[in-house]
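Have a look at entry.tsv; it's TSV, C-alpha atoms:
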chain	number	residue	atom	x	y	z
V	1	MET	CA	-11.89	39.20	-10.76
V	2	VAL	CA	-12.30	35.56	-11.76
V	3	TYR	CA	-15.06	34.49	-14.09
V	4	THR	CA	-16.19	30.97	-14.83
V	5	LEU	CA	-18.70	31.75	-17.53
V	6	ALA	CA	-17.54	28.93	-19.81
V	7	PRO	CA	-18.23	25.61	-18.06
V	8	VAL	CA	-16.60	22.38	-19.19
V	9	THR	CA	-18.76	20.96	-21.96
V	10	ALA	CA	-17.13	17.55	-22.33
V	11	PRO	CA	-16.04	15.16	-19.57
V	12	VAL	CA	-12.30	14.87	-19.00
V	13	ASP	CA	-11.58	11.18	-18.56
V	14	SER	CA	-7.94	10.59	-19.58
V	15	VAL	CA	-6.46	8.01	-17.25
V	16	GLU	CA	-2.97	8.82	-18.53
V	17	ASP	CA	-2.90	12.29	-17.02
V	18	VAL	CA	-1.35	11.05	-13.76
V	19	ALA	CA	1.89	11.16	-11.78
V	20	ARG	CA	3.73	7.86	-12.18
V	21	LEU	CA	6.99	6.21	-11.08
V	22	LEU	CA	6.58	2.77	-12.68
V	23	SER	CA	5.25	2.51	-16.20
V	24	PRO	CA	2.91	-0.36	-17.15
V	25	ASP	CA	5.90	-2.26	-18.58
V	26	GLY	CA	7.88	-1.85	-15.35
V	27	THR	CA	10.18	0.97	-16.41
V	28	ARG	CA	11.22	3.27	-13.54
V	29	LEU	CA	10.22	6.84	-14.38
V	30	PRO	CA	11.51	10.02	-12.72
V	31	ASP	CA	9.15	12.49	-11.06
V	32	ARG	CA	10.48	15.69	-9.52
V	33	HIS	CA	7.75	15.78	-6.88
V	34	LEU	CA	7.52	12.12	-5.89
V	35	ASP	CA	11.06	10.77	-6.20
V	36	ALA	CA	12.26	12.15	-2.87
V	37	TRP	CA	9.45	10.39	-1.01
V	38	VAL	CA	10.58	6.90	-2.10
V	39	ALA	CA	14.34	7.44	-2.10
V	40	ASP	CA	14.65	4.82	0.66
V	41	VAL	CA	12.75	2.11	-1.24
V	42	ASP	CA	15.51	-0.31	-2.15
V	43	PRO	CA	15.01	-3.68	-3.92
V	44	PRO	CA	14.18	-5.59	-0.69
V	45	ALA	CA	11.54	-2.97	0.17
V	46	LEU	CA	10.11	-3.15	-3.33
V	47	ARG	CA	9.93	-6.94	-3.04
V	48	GLY	CA	8.02	-6.43	0.20
V	49	LEU	CA	5.49	-4.24	-1.56
V	50	TYR	CA	5.10	-6.88	-4.26
V	51	ARG	CA	4.66	-9.60	-1.62
V	52	ASP	CA	1.93	-7.59	0.14
V	53	MET	CA	0.05	-7.04	-3.12
V	54	ALA	CA	0.31	-10.69	-4.15
V	55	VAL	CA	-0.95	-11.89	-0.77
V	56	LEU	CA	-3.80	-9.39	-0.91
V	57	ARG	CA	-4.85	-10.62	-4.35
V	58	ARG	CA	-4.82	-14.21	-3.14
V	59	VAL	CA	-6.89	-13.43	-0.02
V	60	ASP	CA	-9.34	-11.45	-2.13
V	61	ALA	CA	-9.78	-14.44	-4.44
V	62	GLU	CA	-10.32	-16.67	-1.41
V	63	GLY	CA	-13.09	-14.34	-0.22
V	64	VAL	CA	-14.83	-14.60	-3.58
V	65	ALA	CA	-14.51	-18.39	-3.49
V	66	LEU	CA	-15.95	-18.58	0.03
V	67	GLN	CA	-18.92	-16.48	-1.02
V	68	ARG	CA	-19.55	-18.62	-4.10
V	69	GLN	CA	-19.45	-21.70	-1.87
V	70	GLY	CA	-22.16	-20.21	0.35
V	71	GLN	CA	-19.90	-19.54	3.32
V	72	LEU	CA	-20.14	-15.75	3.12
V	73	GLY	CA	-23.17	-13.59	2.50
V	74	LEU	CA	-21.31	-11.07	0.33
V	75	TRP	CA	-17.79	-10.08	-0.74
V	76	PRO	CA	-16.56	-6.81	-2.30
V	77	PRO	CA	-13.61	-7.79	-4.56
V	78	CYS	CA	-10.62	-5.45	-4.81
V	79	ARG	CA	-8.61	-7.08	-7.63
V	80	GLY	CA	-6.83	-4.38	-9.58
V	81	GLN	CA	-6.66	-1.96	-6.65
V	82	GLU	CA	-3.77	-3.63	-4.80
V	83	ALA	CA	-1.24	-0.87	-5.48
V	84	THR	CA	-3.49	1.88	-4.18
V	85	GLN	CA	-4.27	0.00	-0.97
V	86	ILE	CA	-0.81	-1.38	-0.18
V	87	GLY	CA	1.12	1.71	-1.25
V	88	SER	CA	-1.01	4.08	0.82
V	89	ALA	CA	-1.30	1.82	3.86
V	90	ARG	CA	2.47	1.25	3.95
V	91	ALA	CA	2.90	5.03	4.16
V	92	MET	CA	1.00	5.18	7.44
V	93	ARG	CA	2.62	5.06	10.88
V	94	ARG	CA	1.18	3.07	13.78
V	95	GLU	CA	-0.19	6.26	15.42
V	96	ASP	CA	-2.15	7.23	12.29
V	97	PHE	CA	-5.74	6.06	11.93
V	98	ALA	CA	-7.71	5.03	8.83
V	99	PHE	CA	-11.39	5.27	7.99
V	100	THR	CA	-12.28	3.03	5.06
V	101	SER	CA	-15.15	1.86	2.94
V	102	TYR	CA	-15.96	-1.85	2.61
V	103	ARG	CA	-13.38	-2.56	-0.14
V	104	GLU	CA	-10.06	-1.71	1.52
V	105	LEU	CA	-9.05	-5.29	2.40
V	106	GLY	CA	-5.40	-4.42	1.81
V	107	VAL	CA	-5.48	-1.62	4.36
V	108	PHE	CA	-6.82	-3.98	7.01
V	109	LEU	CA	-4.21	-6.65	6.27
V	110	THR	CA	-1.40	-4.12	6.23
V	111	ARG	CA	-2.50	-2.71	9.58
V	112	GLY	CA	-2.43	-6.16	11.20
V	113	ALA	CA	-6.00	-7.44	10.98
V	114	THR	CA	-6.35	-11.15	11.71
V	115	PRO	CA	-7.83	-13.70	9.28
V	116	ALA	CA	-11.02	-13.72	11.34
V	117	ASP	CA	-11.16	-9.92	11.26
V	118	VAL	CA	-11.37	-9.81	7.47
V	119	VAL	CA	-13.94	-12.53	6.97
V	120	LEU	CA	-16.41	-12.89	9.84
V	121	THR	CA	-18.31	-9.67	9.24
V	122	TRP	CA	-19.16	-10.86	5.73
V	123	ARG	CA	-20.33	-14.13	7.24
V	124	GLY	CA	-22.69	-12.22	9.52
V	125	GLU	CA	-21.25	-13.69	12.69
V	126	THR	CA	-19.96	-10.54	14.37
V	127	HIS	CA	-20.72	-6.84	14.53
V	128	SER	CA	-17.40	-5.55	13.30
V	129	SER	CA	-15.08	-8.51	14.01
V	130	MET	CA	-12.16	-6.47	15.34
V	131	ASP	CA	-11.05	-3.86	17.82
V	132	PRO	CA	-10.42	-0.68	15.79
V	133	ALA	CA	-7.99	0.64	18.39
V	134	GLN	CA	-5.72	-2.38	17.96
V	135	VAL	CA	-5.38	-2.14	14.18
V	136	GLY	CA	-5.75	1.61	13.78
V	137	VAL	CA	-8.65	1.31	11.39
V	138	ALA	CA	-12.32	2.06	12.03
V	139	ILE	CA	-14.83	-0.65	11.20
V	140	PRO	CA	-15.64	-0.73	7.45
V	141	GLN	CA	-18.20	1.85	6.42
V	142	ILE	CA	-21.09	0.72	4.24
V	143	ILE	CA	-22.76	4.13	3.91
V	144	ILE	CA	-21.13	5.81	0.91
V	145	GLY	CA	-18.78	8.60	1.98
V	146	ALA	CA	-19.82	8.77	5.65
V	147	GLN	CA	-16.32	7.80	6.78
V	148	THR	CA	-14.88	11.06	5.44
V	149	VAL	CA	-16.78	13.00	8.11
V	150	HIS	CA	-15.57	10.58	10.77
V	151	ALA	CA	-11.97	10.96	9.57
V	152	VAL	CA	-12.13	14.73	9.78
V	153	GLY	CA	-13.63	14.61	13.27
V	154	TYR	CA	-10.87	12.25	14.38
V	155	ALA	CA	-8.26	14.51	12.79
V	156	MET	CA	-9.61	17.53	14.67
V	157	GLY	CA	-9.25	15.48	17.86
V	158	ILE	CA	-5.62	14.75	16.96
V	159	GLN	CA	-5.13	18.45	16.39
V	160	ARG	CA	-6.51	19.38	19.79
V	161	ASP	CA	-4.44	16.70	21.50
V	162	GLY	CA	-1.31	18.12	19.90
V	163	ALA	CA	-0.31	14.70	18.60
V	164	GLU	CA	1.95	14.24	15.58
V	165	ALA	CA	-0.38	11.93	13.67
V	166	ALA	CA	-2.98	12.03	10.93
V	167	SER	CA	-6.14	10.29	9.81
V	168	MET	CA	-6.76	8.76	6.41
V	169	ALA	CA	-10.15	8.74	4.68
V	170	TYR	CA	-10.51	6.10	1.95
V	171	PHE	CA	-13.46	6.37	-0.41
V	172	GLY	CA	-14.38	5.74	-4.01
V	173	ASP	CA	-15.23	7.96	-6.95
V	174	GLY	CA	-18.93	7.42	-6.29
V	175	ALA	CA	-18.56	8.97	-2.84
V	176	MET	CA	-17.47	12.22	-4.49
V	177	SER	CA	-21.10	12.65	-5.47
V	178	GLU	CA	-22.20	12.46	-1.81
V	179	GLY	CA	-22.80	15.45	0.44
V	180	ASP	CA	-20.79	13.97	3.30
V	181	VAL	CA	-17.57	14.27	1.30
V	182	GLY	CA	-18.20	17.94	0.55
V	183	GLU	CA	-18.98	18.67	4.19
V	184	ALA	CA	-15.88	16.79	5.32
V	185	MET	CA	-13.66	18.77	2.98
V	186	VAL	CA	-15.14	22.09	4.11
V	187	PHE	CA	-14.43	21.28	7.75
V	188	ALA	CA	-10.98	19.89	6.97
V	189	ALA	CA	-9.97	23.01	5.07
V	190	THR	CA	-11.54	25.42	7.55
V	191	PHE	CA	-9.78	23.91	10.57
V	192	ALA	CA	-6.59	22.77	8.76
V	193	ALA	CA	-7.33	19.28	10.05
V	194	PRO	CA	-4.53	16.69	9.73
V	195	VAL	CA	-6.42	14.40	7.37
V	196	VAL	CA	-5.63	12.84	4.01
V	197	PHE	CA	-8.46	12.18	1.59
V	198	LEU	CA	-7.64	9.22	-0.66
V	199	CYS	CA	-10.16	8.81	-3.45
V	200	THR	CA	-9.84	5.45	-5.21
V	201	ASN	CA	-11.11	6.26	-8.66
V	202	ASN	CA	-11.83	2.77	-9.96
V	203	GLN	CA	-13.86	4.19	-12.86
V	204	TRP	CA	-17.24	2.81	-11.82
V	205	ALA	CA	-19.72	3.58	-9.03
V	206	ILE	CA	-21.50	0.24	-9.40
V	207	SER	CA	-22.88	0.77	-12.94
V	208	GLU	CA	-22.23	4.51	-13.32
V	209	PRO	CA	-18.94	5.56	-15.00
V	210	VAL	CA	-16.87	8.30	-13.46
V	211	SER	CA	-17.20	10.29	-16.68
V	212	LEU	CA	-20.90	10.64	-15.87
V	213	GLN	CA	-20.21	11.70	-12.29
V	214	SER	CA	-17.63	14.39	-12.96
V	215	ARG	CA	-16.69	16.56	-15.93
V	216	ILE	CA	-13.25	17.26	-14.51
V	217	PRO	CA	-10.68	14.98	-12.85
V	218	LEU	CA	-11.74	14.42	-9.26
V	219	SER	CA	-8.44	15.77	-7.93
V	220	ARG	CA	-9.30	19.17	-9.39
V	221	ARG	CA	-12.23	19.54	-7.04
V	222	ALA	CA	-10.07	19.66	-3.92
V	223	PRO	CA	-8.40	23.04	-4.65
V	224	GLY	CA	-11.88	24.52	-4.75
V	225	TYR	CA	-12.03	23.77	-1.04
V	226	GLY	CA	-8.53	25.11	-0.49
V	227	ILE	CA	-7.00	21.64	-0.29
V	228	PRO	CA	-3.92	20.74	-2.38
V	229	SER	CA	-4.23	17.60	-4.45
V	230	ILE	CA	-2.34	15.14	-6.59
V	231	ARG	CA	-3.56	12.67	-9.23
V	232	VAL	CA	-1.48	9.50	-9.34
V	233	ASP	CA	-1.47	6.21	-11.18
V	234	GLY	CA	-3.37	4.00	-8.75
V	235	ASN	CA	-1.83	0.87	-10.30
V	236	ASP	CA	1.66	2.13	-9.46
V	237	VAL	CA	2.51	1.12	-5.89
V	238	LEU	CA	5.56	3.39	-5.76
V	239	ALA	CA	3.57	6.45	-6.83
V	240	CYS	CA	0.84	5.65	-4.29
V	241	LEU	CA	3.42	5.21	-1.53
V	242	ALA	CA	5.17	8.47	-2.41
V	243	ALA	CA	2.00	10.54	-2.74
V	244	THR	CA	0.62	9.28	0.56
V	245	ARG	CA	3.90	9.92	2.37
V	246	TRP	CA	3.82	13.49	1.05
V	247	ALA	CA	0.22	13.99	2.11
V	248	LEU	CA	0.66	12.42	5.56
V	249	ASP	CA	3.81	14.43	6.24
V	250	ARG	CA	1.95	17.60	5.33
V	251	ALA	CA	-0.91	16.67	7.66
V	252	ARG	CA	1.27	15.59	10.59
V	253	THR	CA	3.36	18.78	10.49
V	254	GLY	CA	0.37	21.10	10.72
V	255	ALA	CA	0.06	22.16	7.09
V	256	GLY	CA	-3.49	20.83	6.85
V	257	PRO	CA	-5.37	18.33	4.68
V	258	ALA	CA	-4.41	16.92	1.29
V	259	PHE	CA	-6.29	15.05	-1.42
V	260	ILE	CA	-5.05	12.12	-3.51
V	261	GLU	CA	-6.90	10.74	-6.52
V	262	ALA	CA	-5.61	7.24	-7.28
V	263	VAL	CA	-6.65	6.38	-10.84
V	264	THR	CA	-7.17	2.63	-11.02
V	265	TYR	CA	-9.78	0.10	-12.11
V	266	ARG	CA	-12.12	-2.39	-10.45
V	267	MET	CA	-11.35	-5.56	-12.39
V	268	GLY	CA	-14.17	-7.56	-10.84
V	269	PRO	CA	-17.77	-6.84	-9.91
V	270	HIS	CA	-18.83	-4.17	-7.43
V	271	THR	CA	-19.73	-7.01	-5.09
V	272	THR	CA	-20.46	-10.69	-5.61
V	273	SER	CA	-24.09	-9.64	-6.17
V	274	ASP	CA	-23.14	-7.60	-9.23
V	275	ASP	CA	-22.68	-8.56	-12.91
V	276	PRO	CA	-20.41	-5.97	-14.58
V	277	THR	CA	-20.78	-7.57	-18.02
V	278	ARG	CA	-24.15	-5.85	-18.18
V	279	TYR	CA	-22.65	-2.37	-18.18
V	280	ARG	CA	-18.90	-2.62	-19.04
V	281	ASP	CA	-17.20	-3.16	-22.35
V	282	ALA	CA	-14.79	-6.12	-22.70
V	283	ALA	CA	-12.30	-3.86	-24.47
V	284	GLU	CA	-12.14	-1.63	-21.41
V	285	LEU	CA	-11.30	-4.60	-19.23
V	286	ALA	CA	-8.57	-5.67	-21.66
V	287	PHE	CA	-7.12	-2.14	-21.58
V	288	TRP	CA	-6.73	-2.26	-17.81
V	289	GLU	CA	-5.39	-5.81	-17.77
V	290	GLN	CA	-2.34	-4.38	-19.54
V	291	ARG	CA	-1.83	-2.05	-16.56
V	292	ASP	CA	-1.89	-4.68	-13.85
V	293	PRO	CA	-0.25	-3.38	-10.64
V	294	LEU	CA	1.51	-6.66	-9.80
V	295	ALA	CA	2.78	-7.34	-13.30
V	296	ARG	CA	4.55	-4.00	-13.56
V	297	VAL	CA	6.41	-4.47	-10.25
V	298	GLU	CA	7.37	-8.00	-11.25
V	299	ALA	CA	8.65	-6.72	-14.59
V	300	HIS	CA	10.73	-4.07	-12.83
V	301	LEU	CA	12.13	-6.55	-10.30
V	302	ARG	CA	13.04	-8.99	-13.07
V	303	ALA	CA	14.76	-6.20	-14.98
V	304	ILE	CA	17.02	-5.44	-11.99
V	305	GLY	CA	17.59	-9.12	-11.13
V	306	GLU	CA	15.45	-9.18	-7.98
V	307	PHE	CA	12.69	-11.60	-9.01
V	308	ASP	CA	13.34	-15.31	-9.37
V	309	ASP	CA	11.55	-18.62	-8.86
V	310	VAL	CA	12.59	-18.83	-5.20
V	311	PHE	CA	11.03	-15.48	-4.40
V	312	ARG	CA	7.93	-16.34	-6.42
V	313	ASP	CA	7.48	-19.57	-4.46
V	314	GLU	CA	8.03	-17.80	-1.13
V	315	VAL	CA	5.29	-15.31	-1.93
V	316	ALA	CA	2.92	-18.05	-3.08
V	317	ALA	CA	3.51	-20.02	0.11
V	318	ALA	CA	2.87	-16.98	2.30
V	319	ALA	CA	-0.35	-16.27	0.43
V	320	ASP	CA	-1.53	-19.87	0.69
V	321	GLU	CA	-0.80	-19.94	4.42
V	322	LEU	CA	-2.83	-16.79	5.10
V	323	CYS	CA	-5.68	-17.97	2.90
V	324	GLY	CA	-5.74	-21.25	4.80
V	325	ALA	CA	-6.10	-19.31	8.03
V	326	VAL	CA	-8.90	-17.19	6.52
V	327	ARG	CA	-10.79	-20.30	5.39
V	328	THR	CA	-10.36	-21.95	8.77
V	329	ALA	CA	-11.59	-18.83	10.57
V	330	CYS	CA	-14.64	-18.81	8.32
V	331	LEU	CA	-15.55	-22.48	8.52
V	332	ASP	CA	-14.87	-22.75	12.26
V	333	ALA	CA	-16.96	-19.69	13.13
V	334	ARG	CA	-19.72	-20.24	15.65
V	335	THR	CA	-22.75	-18.00	15.93
V	336	PRO	CA	-22.62	-16.03	19.20
V	337	GLU	CA	-25.46	-15.84	21.66
V	338	PRO	CA	-27.98	-13.21	20.46
V	339	LEU	CA	-27.84	-11.18	23.67
V	340	THR	CA	-24.14	-10.49	23.10
V	341	MET	CA	-25.15	-8.03	20.39
V	342	LEU	CA	-25.65	-5.51	23.19
V	343	ASP	CA	-22.18	-5.99	24.65
V	344	ASP	CA	-19.65	-3.19	24.17
V	345	VAL	CA	-22.33	-0.68	23.15
V	346	TYR	CA	-21.41	1.55	26.09
V	347	ALA	CA	-18.30	1.55	28.23
V	348	GLU	CA	-20.40	1.64	31.41
V	349	PRO	CA	-23.79	0.03	32.25
V	350	HIS	CA	-26.76	2.06	31.05
V	351	PRO	CA	-30.39	1.74	32.33
V	352	ALA	CA	-31.90	2.02	28.85
V	353	LEU	CA	-29.57	-0.64	27.52
V	354	ASP	CA	-30.34	-2.88	30.49
V	355	LEU	CA	-34.04	-2.54	29.65
V	356	GLN	CA	-33.39	-3.45	26.01
V	357	ARG	CA	-31.41	-6.49	27.12
V	358	GLU	CA	-34.26	-7.57	29.39
V	359	ARG	CA	-36.88	-7.18	26.66
V	360	LEU	CA	-34.73	-8.91	24.02
V	361	GLY	CA	-34.12	-11.77	26.44
V	362	ALA	CA	-37.87	-12.17	27.01
V	363	TYR	CA	-38.51	-12.07	23.27
V	364	LEU	CA	-35.93	-14.78	22.60
V	365	ALA	CA	-37.26	-16.86	25.47
V	366	SER	CA	-40.72	-16.77	23.90
V	367	PHE	CA	-39.40	-18.78	20.94
V	368	ALA	CA	-37.95	-21.37	23.31
V	369	ASP	CA	-41.37	-21.74	24.98
V	370	ASP	CA	-43.02	-22.24	21.57
V	371	GLY	CA	-40.52	-24.94	20.71
V	372	GLU	CA	-41.08	-26.74	23.99
V	373	ALA	CA	-44.88	-26.50	23.54
V	374	ARG	CA	-44.67	-28.02	20.06
V	375	ALA	CA	-42.44	-30.80	21.37
Before we go any further, please render this structure as structure tokens.
Amino acid sequence: MVYTLAPVTAPVDSVEDVARLLSPDGTRLPDRHLDAWVADVDPPALRGLYRDMAVLRRVDAEGVALQRQGQLGLWPPCRGQEATQIGSARAMRREDFAFTSYRELGVFLTRGATPADVVLTWRGETHSSMDPAQVGVAIPQIIIGAQTVHAVGYAMGIQRDGAEAASMAYFGDGAMSEGDVGEAMVFAATFAAPVVFLCTNNQWAISEPVSLQSRIPLSRRAPGYGIPSIRVDGNDVLACLAATRWALDRARTGAGPAFIEAVTYRMGPHTTSDDPTRYRDAAELAFWEQRDPLARVEAHLRAIGEFDDVFRDEVAAAADELCGAVRTACLDARTPEPLTMLDDVYAEPHPALDLQRERLGAYLASFADDGEARA
């Protein structure tokens, strides 16, 4: 019989208790569980991962700038989380499908989202700005943790179709305090659904530290549901790639769900409406700056002679080109006709929707009449 009469009395918050393949100074470290999953990652592939992260950081900065210039209503920065997003997204196949929160910009870019896709929603010009089926990612979820339920439902559909694919649920440490995540994990474990839960532990749920939310590492919750888990360095792109490949392979081959806790840090505010200096210590920020995900890959590439000025300039040019396209998509956006908000709600015409369209049209027309009367 198992007793748990002695609960944890002090939060466990060591960020060093993680699986890791690249140390903060760029040293390649062995790991008996993860090494096999990145055996094919040669220097050109590692340069590609660096390029993706650098471009992501540049686009993220462009989003912040556009918001500060009044072109976007809001922006959720992801600086510091590039390794988690790029490493995990690069592990996915085209037939896999992701369900994200609002911060996974790198997942959208990796899956082929266009510049307009990543910016127009935050400008308030479109409903979701993209076709989820084309990029293999559901529209960003604002409700905390709700996408985990969607991911499990999609995974159960994959299972019933007999397809060799999996779904990915991205969420933050704050979502682990939501009921939806618990319900999703119960269903996933019960039905052995082919789903991977990727929890981006960026240390803060807006102003609440993870140490307040959980007295044990988040990855240790998953086995309680019967789901295997791994805790990796979320600033190590190789470790994130390897862990996600392991988890996706397990899901696709019928072994059931898996849980990954990527331990990282949100270097910026929660959103551009937030001021983290009110609740975070400057020393904490300095600690994480020494663990920058791009710097450690650059250090490793330099050590093996694969990073030079030519490569640096190529990456900068690619980032500038994409950011130019993002800015153009933002500034050239035109507000659609209001009635188009009812398009694509149903695949086929629906009487109730037709009635709503009629009433909305009359309502909008009433403003036009007022304007003409005043004129």
* Expected answer as a list in words: all residues with atoms within 9 Å of (-17.9, -4.2, -5.9), all atoms listed in the file ->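 Here is the list of nearby residues: Trp75, Pro76, Pro77, Cys78, Arg103, Ala205, Ile206, Arg266, Gly268, Pro269, His270, Thr271, Thr272, Ser273 and Asp274 of chain V.
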Write a file of the selected residues as a JSON list (two decimals), in the coordinates of the input, keeping C-alpha atoms.
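Okay, selection_31.json is ready:
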[["chain", "number", "residue", "atom", "x", "y", "z"],
["V", 75, "TRP", "CA", -17.79, -10.08, -0.74],
["V", 76, "PRO", "CA", -16.56, -6.81, -2.30],
["V", 77, "PRO", "CA", -13.61, -7.79, -4.56],
["V", 78, "CYS", "CA", -10.62, -5.45, -4.81],
["V", 103, "ARG", "CA", -13.38, -2.56, -0.14],
["V", 205, "ALA", "CA", -19.72, 3.58, -9.03],
["V", 206, "ILE", "CA", -21.50, 0.24, -9.40],
["V", 266, "ARG", "CA", -12.12, -2.39, -10.45],
["V", 268, "GLY", "CA", -14.17, -7.56, -10.84],
["V", 269, "PRO", "CA", -17.77, -6.84, -9.91],
["V", 270, "HIS", "CA", -18.83, -4.17, -7.43],
["V", 271, "THR", "CA", -19.73, -7.01, -5.09],
["V", 272, "THR", "CA", -20.46, -10.69, -5.61],
["V", 273, "SER", "CA", -24.09, -9.64, -6.17],
["V", 274, "ASP", "CA", -23.14, -7.60, -9.23]]
* **Ala295 of chain V environment, 9 Å, only C-alpha atoms, sequence neighbours closer than 3 positions dropped, as a ChimeraX atom specification** => /V:24-26,290-292,298-300
* To do: Measuring atom to atom with only C-alpha atoms, identify which of V:Asp161, V:Val38, V:Gly179, V:Arg278 is nearest to Thr244 of chain V.
  =>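 That would be V:Val38, the residue with the smallest distance to Thr244 of chain V.
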* Could you tell me which of V:Arg280, V:Arg58, V:Arg245, V:His33 comes closest to Leu21 of chain V if we count only C-alpha atoms? =>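 Closest to Leu21 of chain V of all the choices is V:His33.
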* Counting all atoms listed in the file, what is within 8 Å of Met176 of chain V, bar same-chain residues fewer than 6 positions away, as a PyMOL selection string? -> chain V and resi 145+182+218
* To do: To one decimal in Å, tell me the separation between atom CA of Tyr170 of chain V and atom CA of Ser101 of chain V.
  =>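 Those two atoms sit 6.4 Å apart.
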* **Spatial neighbours of Leu46 of chain V, 12 Å, all atoms listed in the file, chain gap at least 5 places, as a list in words** => Leu22, Val38, Ala39, Asp40, Val41, Arg51, Asp52, Met53, Ala83, Ile86, Gly87, Arg90, Asp236, Val237, Leu238, Leu241, Leu294, Arg296, Val297, Glu298, Ala299, His300, Leu301, Arg302, Ile304, Glu306 and Phe307 of chain V
* From the set V:Ile216, V:Leu120, V:Val135, V:Ala165, which residue has the shortest atom-to-atom contact distance to Pro336 of chain V, counting only C-alpha atoms? ->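 Residue with the minimum atom-to-atom distance to Pro336 of chain V: V:Leu120.
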* **Pick from V:Ala155, V:Leu74, V:Ala262, V:Ala113, whichever lies nearest to Met168 of chain V using all atoms listed in the file** =>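 Nearest to Met168 of chain V: V:Ala155.
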* Asked: Counting all atoms listed in the file, what is within 12 Å of Arg220 of chain V, bar same-chain residues fewer than 6 positions away, as an MDAnalysis selection string?
  -> chainID V and resid 12 176 199 214 226:231 258:261
* Quick one: distance from atom CA of Tyr102 of chain V to atom CA of Val181 of chain V in Å, one decimal? -> 16.3 Å
* To do: Find the distance between atom CA of Leu198 of chain V and atom CA of Ser211 of chain V and write it in Å to one decimal.
  =>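 Between atom CA of Leu198 of chain V and atom CA of Ser211 of chain V the gap works out to 18.7 Å.
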* Asked: Near segment 322-330 of chain V, within 12 Å and counting all atoms listed in the file, which residues show up once chain neighbours fewer than 5 positions away are dropped, as a PyMOL selection string?
  -> chain V and resi 52+54-67+69-73+109+113-126+129+315-317+335
* Pick the closest to Gln85 of chain V from V:Tyr265, V:Phe197, V:Phe191, V:Phe108: which is it, counting all atoms listed in the file? ->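 Nearest candidate to Gln85 of chain V out of V:Tyr265, V:Phe197, V:Phe191, V:Phe108: V:Phe108.
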* Among the residues V:Gly234, V:Leu49, V:Trp204, V:Asp173, the one that comes closest to Glu284 of chain V [using all atoms listed in the file] ->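 When distances to Glu284 of chain V are compared using all atoms listed in the file, the smallest one comes from V:Trp204.
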Could you get me a file of segment 281-290 of chain V with N, CA, C and O atoms, as a compact mmCIF listing (two decimals), in the first residue's frame, taken from the block above?
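Listing of selection_14.txt after writing:
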# COMPACT_ATOMS: atom_id res chain seq x y z
N ASP V 281 12.41 40.42 -10.11
CA ASP V 281 13.68 40.95 -9.63
C ASP V 281 14.67 41.06 -10.80
O ASP V 281 14.77 40.16 -11.64
N ALA V 282 15.44 42.15 -10.85
CA ALA V 282 16.41 42.34 -11.93
C ALA V 282 17.47 41.25 -11.93
O ALA V 282 17.97 40.85 -13.00
N ALA V 283 17.80 40.74 -10.74
CA ALA V 283 18.81 39.68 -10.67
C ALA V 283 18.33 38.41 -11.35
O ALA V 283 19.12 37.67 -11.95
N GLU V 284 17.05 38.16 -11.26
CA GLU V 284 16.48 36.97 -11.92
C GLU V 284 16.61 37.10 -13.43
O GLU V 284 16.96 36.13 -14.11
N LEU V 285 16.34 38.28 -13.93
CA LEU V 285 16.47 38.51 -15.37
C LEU V 285 17.92 38.32 -15.82
O LEU V 285 18.19 37.69 -16.85
N ALA V 286 18.85 38.83 -15.02
CA ALA V 286 20.27 38.69 -15.35
C ALA V 286 20.68 37.21 -15.35
O ALA V 286 21.50 36.79 -16.19
N PHE V 287 20.14 36.44 -14.42
CA PHE V 287 20.43 35.01 -14.36
C PHE V 287 20.05 34.32 -15.66
O PHE V 287 20.82 33.53 -16.22
N TRP V 288 18.88 34.64 -16.17
CA TRP V 288 18.40 33.98 -17.39
C TRP V 288 19.06 34.52 -18.64
O TRP V 288 19.15 33.82 -19.65
N GLU V 289 19.52 35.76 -18.60
CA GLU V 289 20.24 36.29 -19.77
C GLU V 289 21.50 35.48 -20.04
O GLU V 289 21.96 35.38 -21.18
N GLN V 290 22.08 34.89 -19.00
CA GLN V 290 23.26 34.05 -19.16
C GLN V 290 22.92 32.68 -19.76
O GLN V 290 23.82 31.89 -20.06
